[in-house]
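What follows is the content of target_34.cif (mmCIF, C-alpha atoms and all ligand atoms).
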```cif
data_entry
loop_
_atom_site.group_PDB
_atom_site.id
_atom_site.type_symbol
_atom_site.label_atom_id
_atom_site.label_comp_id
_atom_site.auth_asym_id
_atom_site.auth_seq_id
_atom_site.Cartn_x
_atom_site.Cartn_y
_atom_site.Cartn_z
ATOM 1 C CA MET A 1 121.423 113.139 86.523
ATOM 2 C CA ASN A 2 119.276 110.072 86.493
ATOM 3 C CA GLN A 3 121.478 107.306 87.750
ATOM 4 C CA LEU A 4 121.850 107.042 91.486
ATOM 5 C CA THR A 5 124.984 104.932 91.593
ATOM 6 C CA PHE A 6 128.329 106.280 90.512
ATOM 7 C CA PHE A 7 131.837 105.022 89.982
ATOM 8 C CA GLU A 8 134.658 107.492 89.411
ATOM 9 C CA ASN A 9 132.079 110.092 88.432
ATOM 10 C CA LYS A 10 130.707 107.867 85.702
ATOM 11 C CA ALA A 11 127.055 106.934 85.981
ATOM 12 C CA LEU A 12 126.586 103.184 86.278
ATOM 13 C CA SER A 13 123.577 102.000 84.399
ATOM 14 C CA ILE A 14 122.080 98.535 84.310
ATOM 15 C CA PRO A 15 124.343 96.081 82.446
ATOM 16 C CA ASP A 16 123.299 95.820 78.787
ATOM 17 C CA GLU A 17 122.747 92.070 79.023
ATOM 18 C CA LEU A 18 120.045 92.550 81.726
ATOM 19 C CA ALA A 19 118.105 95.501 80.376
ATOM 20 C CA SER A 20 118.142 98.433 77.996
ATOM 21 C CA TYR A 21 116.820 101.815 79.087
ATOM 22 C CA HIS A 22 115.279 104.347 76.699
ATOM 23 C CA ASN A 23 114.639 107.769 78.178
ATOM 24 C CA ALA A 24 111.875 109.878 76.534
ATOM 25 C CA PHE A 25 110.634 106.961 74.445
ATOM 26 C CA PHE A 26 107.334 108.852 74.625
ATOM 27 C CA SER A 27 107.271 112.671 74.543
ATOM 28 C CA THR A 28 106.306 114.599 77.677
ATOM 29 C CA ALA A 29 102.986 115.675 76.153
ATOM 30 C CA GLU A 30 102.130 112.144 74.993
ATOM 31 C CA SER A 31 103.083 110.738 78.392
ATOM 32 C CA MET A 32 100.912 113.203 80.302
ATOM 33 C CA GLY A 33 97.975 112.274 78.035
ATOM 34 C CA TYR A 34 98.450 108.567 78.706
ATOM 35 C CA LEU A 35 98.849 109.194 82.461
ATOM 36 C CA ASP A 36 95.585 111.190 82.603
ATOM 37 C CA ARG A 37 93.541 108.751 80.546
ATOM 38 C CA LEU A 38 94.905 105.570 82.157
ATOM 39 C CA THR A 39 94.364 107.009 85.639
ATOM 40 C CA THR A 40 90.677 107.675 84.973
ATOM 41 C CA VAL A 41 89.535 104.859 82.648
ATOM 42 C CA THR A 42 91.320 101.876 84.257
ATOM 43 C CA PRO A 43 89.194 99.745 86.636
ATOM 44 C CA TRP A 44 91.885 99.769 89.327
ATOM 45 C CA ASN A 45 91.955 97.007 91.888
ATOM 46 C CA GLN A 46 93.751 96.721 95.206
ATOM 47 C CA GLU A 47 94.705 93.059 95.597
ATOM 48 C CA THR A 48 95.055 91.367 98.946
ATOM 49 C CA ILE A 49 97.961 89.009 99.451
ATOM 50 C CA HIS A 50 98.536 86.300 102.037
ATOM 51 C CA MET A 51 101.759 86.940 103.895
ATOM 52 C CA TYR A 52 103.019 85.746 107.303
ATOM 53 C CA GLY A 53 99.533 84.418 108.025
ATOM 54 C CA LYS A 54 97.975 87.830 107.454
ATOM 55 C CA MET A 55 95.866 89.288 104.683
ATOM 56 C CA LEU A 56 97.668 92.378 103.460
ATOM 57 C CA LYS A 57 96.616 94.954 100.904
ATOM 58 C CA THR A 58 99.088 95.378 98.042
ATOM 59 C CA PRO A 59 100.591 98.899 98.387
ATOM 60 C CA ARG A 60 99.533 99.989 94.867
ATOM 61 C CA LEU A 61 96.606 99.543 92.487
ATOM 62 C CA THR A 62 96.720 97.094 89.585
ATOM 63 C CA ALA A 63 94.895 96.008 86.424
ATOM 64 C CA TRP A 64 95.547 93.170 83.969
ATOM 65 C CA TYR A 65 94.816 93.392 80.220
ATOM 66 C CA GLY A 66 95.536 91.021 77.356
ATOM 67 C CA ASP A 67 94.485 88.547 74.699
ATOM 68 C CA GLU A 68 91.634 86.378 75.924
ATOM 69 C CA GLU A 69 93.786 83.273 76.409
ATOM 70 C CA SER A 70 96.567 85.025 78.339
ATOM 71 C CA ILE A 71 95.337 83.746 81.695
ATOM 72 C CA TYR A 72 97.689 84.406 84.548
ATOM 73 C CA GLN A 73 97.886 82.102 87.586
ATOM 74 C CA PHE A 74 99.069 83.497 90.859
ATOM 75 C CA SER A 75 98.795 82.095 94.415
ATOM 76 C CA GLY A 76 96.176 79.573 93.320
ATOM 77 C CA ASN A 77 94.036 82.219 91.591
ATOM 78 C CA LYS A 78 93.366 82.516 87.873
ATOM 79 C CA TYR A 79 93.261 86.056 86.533
ATOM 80 C CA HIS A 80 91.337 86.636 83.315
ATOM 81 C CA PRO A 81 92.543 89.691 81.423
ATOM 82 C CA LEU A 82 90.449 92.728 80.543
ATOM 83 C CA LYS A 83 90.024 93.475 76.820
ATOM 84 C CA TRP A 84 92.637 95.711 75.141
ATOM 85 C CA THR A 85 91.753 99.401 74.869
ATOM 86 C CA PRO A 86 92.875 101.507 71.849
ATOM 87 C CA ASP A 87 95.466 103.294 74.063
ATOM 88 C CA LEU A 88 96.936 100.029 75.355
ATOM 89 C CA LEU A 89 97.032 98.502 71.862
ATOM 90 C CA SER A 90 98.884 101.500 70.448
ATOM 91 C CA LEU A 91 101.363 101.428 73.353
ATOM 92 C CA LYS A 92 101.850 97.694 72.791
ATOM 93 C CA GLU A 93 102.637 98.208 69.091
ATOM 94 C CA LYS A 94 105.245 100.906 69.741
ATOM 95 C CA VAL A 95 106.885 98.863 72.477
ATOM 96 C CA GLU A 96 106.890 95.660 70.367
ATOM 97 C CA GLN A 97 108.659 97.515 67.571
ATOM 98 C CA LYS A 98 111.397 98.804 69.851
ATOM 99 C CA ALA A 99 111.834 95.573 71.820
ATOM 100 C CA GLY A 100 111.642 93.348 68.726
ATOM 101 C CA GLU A 101 109.265 91.021 70.609
ATOM 102 C CA LYS A 102 105.545 90.288 70.628
ATOM 103 C CA PHE A 103 103.481 90.663 73.810
ATOM 104 C CA ASN A 104 99.996 89.305 74.615
ATOM 105 C CA SER A 105 99.340 90.952 77.973
ATOM 106 C CA VAL A 106 100.137 93.923 80.157
ATOM 107 C CA LEU A 107 100.106 94.469 83.909
ATOM 108 C CA LEU A 108 99.331 98.040 84.998
ATOM 109 C CA ASN A 109 100.543 99.396 88.331
ATOM 110 C CA PHE A 110 99.323 102.680 89.791
ATOM 111 C CA TYR A 111 101.581 104.221 92.465
ATOM 112 C CA ARG A 112 99.386 106.853 94.113
ATOM 113 C CA ASP A 113 102.132 108.451 96.246
ATOM 114 C CA GLY A 114 105.471 107.715 97.931
ATOM 115 C CA ASN A 115 103.810 105.150 100.180
ATOM 116 C CA ASP A 116 103.001 102.936 97.218
ATOM 117 C CA SER A 117 105.704 100.495 96.156
ATOM 118 C CA VAL A 118 106.524 97.032 94.891
ATOM 119 C CA SER A 119 108.834 94.944 97.053
ATOM 120 C CA TRP A 120 111.740 92.720 95.933
ATOM 121 C CA HIS A 121 110.600 90.100 93.424
ATOM 122 C CA SER A 122 111.367 88.535 90.051
ATOM 123 C CA ASP A 123 108.826 88.032 87.311
ATOM 124 C CA ASP A 124 109.600 84.340 87.008
ATOM 125 C CA GLU A 125 106.175 82.697 86.800
ATOM 126 C CA PRO A 126 106.389 79.514 84.683
ATOM 127 C CA GLU A 127 103.987 80.851 82.031
ATOM 128 C CA LEU A 128 106.532 83.579 81.189
ATOM 129 C CA GLY A 129 109.075 80.938 80.101
ATOM 130 C CA THR A 130 112.855 81.089 80.533
ATOM 131 C CA ASN A 131 114.640 84.425 80.146
ATOM 132 C CA PRO A 132 111.495 86.390 79.245
ATOM 133 C CA VAL A 133 111.655 89.806 77.622
ATOM 134 C CA ILE A 134 109.469 92.181 79.667
ATOM 135 C CA ALA A 135 108.965 95.752 78.478
ATOM 136 C CA SER A 136 108.279 98.328 81.192
ATOM 137 C CA VAL A 137 106.802 101.751 80.374
ATOM 138 C CA SER A 138 106.577 104.536 82.974
ATOM 139 C CA PHE A 139 104.360 107.625 83.015
ATOM 140 C CA GLY A 140 104.256 110.395 85.610
ATOM 141 C CA GLN A 141 106.345 110.706 88.752
ATOM 142 C CA PRO A 142 109.908 109.410 88.257
ATOM 143 C CA ARG A 143 110.616 106.625 90.755
ATOM 144 C CA ARG A 144 113.721 104.715 91.740
ATOM 145 C CA PHE A 145 114.093 101.174 90.384
ATOM 146 C CA ASP A 146 116.514 98.896 92.272
ATOM 147 C CA ILE A 147 118.013 95.642 91.038
ATOM 148 C CA ARG A 148 119.966 93.164 93.178
ATOM 149 C CA ASN A 149 121.609 89.821 92.535
ATOM 150 C CA LYS A 150 119.742 86.932 94.183
ATOM 151 C CA SER A 151 122.904 85.292 95.527
ATOM 152 C CA ASP A 152 124.709 88.517 96.468
ATOM 153 C CA HIS A 153 122.400 91.268 97.677
ATOM 154 C CA GLN A 154 125.302 93.752 97.764
ATOM 155 C CA HIS A 155 125.635 93.403 94.005
ATOM 156 C CA LYS A 156 123.041 95.961 92.949
ATOM 157 C CA PHE A 157 122.112 98.774 90.608
ATOM 158 C CA SER A 158 119.646 101.655 90.768
ATOM 159 C CA ILE A 159 118.179 103.793 88.060
ATOM 160 C CA GLU A 160 115.429 106.378 87.896
ATOM 161 C CA LEU A 161 112.474 105.425 85.690
ATOM 162 C CA GLU A 162 111.445 108.709 84.136
ATOM 163 C CA ASN A 163 108.208 109.987 82.609
ATOM 164 C CA GLY A 164 107.854 108.448 79.136
ATOM 165 C CA SER A 165 110.689 105.947 79.556
ATOM 166 C CA LEU A 166 110.946 102.362 78.347
ATOM 167 C CA LEU A 167 112.978 99.704 80.155
ATOM 168 C CA VAL A 168 113.339 96.384 78.344
ATOM 169 C CA MET A 169 114.308 93.607 80.771
ATOM 170 C CA LYS A 170 115.864 90.481 79.281
ATOM 171 C CA GLY A 171 118.513 87.762 79.644
ATOM 172 C CA ASP A 172 118.728 86.249 83.136
ATOM 173 C CA MET A 173 117.246 89.367 84.763
ATOM 174 C CA GLN A 174 114.289 87.367 86.195
ATOM 175 C CA LYS A 175 116.287 84.209 86.945
ATOM 176 C CA ASN A 176 119.259 85.633 88.832
ATOM 177 C CA TRP A 177 118.137 89.132 89.841
ATOM 178 C CA GLU A 178 115.299 90.764 91.779
ATOM 179 C CA HIS A 179 113.853 94.236 91.360
ATOM 180 C CA ARG A 180 111.701 96.669 93.362
ATOM 181 C CA VAL A 181 110.298 100.192 93.462
ATOM 182 C CA PRO A 182 110.919 101.355 97.041
ATOM 183 C CA LYS A 183 108.698 103.654 99.079
ATOM 184 C CA SER A 184 109.866 107.246 99.342
ATOM 185 C CA ILE A 185 109.564 109.723 102.200
ATOM 186 C CA ARG A 186 109.706 112.596 99.719
ATOM 187 C CA PRO A 187 106.313 113.704 98.369
ATOM 188 C CA MET A 188 105.516 111.741 95.218
ATOM 189 C CA LYS A 189 102.847 112.368 92.595
ATOM 190 C CA HIS A 190 100.992 109.747 90.570
ATOM 191 C CA ARG A 191 102.954 107.202 88.544
ATOM 192 C CA ILE A 192 101.651 104.492 86.229
ATOM 193 C CA ASN A 193 103.865 101.626 85.105
ATOM 194 C CA LEU A 194 102.963 99.093 82.427
ATOM 195 C CA THR A 195 104.835 95.806 82.014
ATOM 196 C CA PHE A 196 104.181 94.116 78.664
ATOM 197 C CA ARG A 197 104.620 90.350 78.815
ATOM 198 C CA MET A 198 104.214 87.233 76.683
ATOM 199 C CA ILE A 199 102.219 84.621 78.560
ATOM 200 C CA ASN A 200 102.629 81.124 77.110
ATOM 201 C CA THR A 201 99.254 79.436 76.920
HETATM 202 O O1 LIG A 301 106.688 99.796 88.610
HETATM 203 C C1 LIG A 301 107.708 99.295 88.141
HETATM 204 O O2 LIG A 301 108.578 99.966 87.581
HETATM 205 C C2 LIG A 301 107.955 97.819 88.266
HETATM 206 C C3 LIG A 301 106.706 96.983 88.338
HETATM 207 C C4 LIG A 301 107.047 95.530 88.435
HETATM 208 O O3 LIG A 301 108.128 95.142 88.767
HETATM 209 C C5 LIG A 301 106.024 94.510 88.105
HETATM 210 O O4 LIG A 301 104.871 94.857 87.832
HETATM 211 O O5 LIG A 301 106.366 93.324 88.097
HETATM 212 FE FE FE A 302 108.406 93.078 88.293
#
```

As a first step, turn the structure in this file into structure tokens.
Ligand SMILES: O=C(O)CCC(=O)C(=O)O
Ligand SMILES: [Fe+2]
Amino acid sequence: MNQLTFFENKALSIPDELASYHNAFFSTAESMGYLDRLTTVTPWNQETIHMYGKMLKTPRLTAWYGDEESIYQFSGNKYHPLKWTPDLLSLKEKVEQKAGEKFNSVLLNFYRDGNDSVSWHSDDEPELGTNPVIASVSFGQPRRFDIRNKSDHQHKFSIELENGSLLVMKGDMQKNWEHRVPKSIRPMKHRINLTFRMINT
């Protein structure tokens, strides 16, 4: 069973208007290949963020790829993307076909173990536009993905993002909802997540 929330024995998935989930979008063998190659060839970075007057290290490693003009502004910094690799371009094409959308950039997250995480946030930067479609691919260790309503934190959903899965977020998912990947006290192996985005330039 993948879903963690249940109602009368029926698994509750994310409402269709917020996201669609595709398990085994990539085969296990394909996924393991991508995980291995992306782990080793990506120039991973650990960003520092300013929070509560402290400089904190982001609890995961990241990398940003995309078309040259897909510059991403965050906390007063401008991030220039790395150039597409053949692997990332082929992933982008498959994901674009399924999502029925074009993307010009991808953010890679590397969760090294259960201590790595991403805390509650929405991907609502202005350059993503209103109601963006964001396609999220996961390789490696399955991790829990939580979603909660911004105005009612008790209104929430959880799913497990499995090896080779594709989650397409859409509608008002970024406007009215937040998401996270929580830390886990159970031992966790490597996971790489890729979120394909269209940055308006
Ligand atoms: O790792 C994930 O599944 C989510 C990553 C995420 O939310 C993000 O990069 O904005
Ligand atoms: Fe996100």

Requested in this report: Show which residues sit within 7 Å of Ile71 (chain A), as a list in words. Count all atoms listed in the file, and ignore same-chain residues fewer than 2 positions away.
Outcome: Glu69, Gln73, Lys78, Tyr79, His80 and Pro81 of chain A

Requested in this report: Would you translate the PyMOL selection byres (((chain A and resi 130) around 12) and not hetatm) into the concrete set of residues it matches in this file, as a VMD selection string?
Outcome: chain A and resid 123 to 129 131 to 134 170 to 176 198 to 200

Query raised in the report: Counting all atoms listed in the file, which protein, DNA or RNA residues come within 8 Å of ligand FE 302 (chain A), given as a ChimeraX atom specification?
Result: /A:118,121-123,179-180,195

Requested in this report: Could you give me, as number ranges by chain, every polymer residue with an atom at most 10 Å away from an atom of ligand LIG 301 (chain A), counting only C-alpha atoms and all ligand atoms?
Outcome: A: 60, 62, 106-111, 116-124, 134, 136-139, 142-146, 160-162, 166-167, 178-182, 191-197

Query - Ground truth for the PyMOL selection byres (((chain A and resi 66) around 6) and not hetatm), written as a ChimeraX atom specification - result: /A:65,67,81,84,104-105

Query raised in the report: Hey, can you check how far CA of Ile185 (chain A) sits from CA of Asn115 (chain A)?
Result: 7.6 Å

Requested in this report: Expand the PyMOL selection byres (((chain A and resi 35-52) around 7) and not hetatm) into the individual residues it matches in the shown file, reporting them as a count of residues only.
Outcome: 17

Query raised in the report: Interatomic distance between CA of Ala135 (chain A) and CA of Arg148 (chain A)?
Result: 18.5 Å

Requested in this report: Have a look at A:Trp177, A:Lys183, A:Gly100, A:Ser13 and name the one nearest to His155 (chain A); count all atoms listed in the file.
Outcome: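 Closest residue, counting all atoms listed in the file: A:Trp177.
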
Report task. Quote the spacing between CA of Gln154 (chain A) and CA of Pro15 (chain A) in Å to one decimal place. Result -> 15.5 Å

Report, as lines of an AutoDock Vina configuration file, the centre and edge lengths in Å (one decimal) of the axis-aligned box enclosing every listed atom of region 46-49 of chain A, padded by 3 Å on each side.
```
center_x = 95.9
center_y = 92.9
center_z = 97.3
size_x = 10.2
size_y = 13.7
size_z = 10.2
```
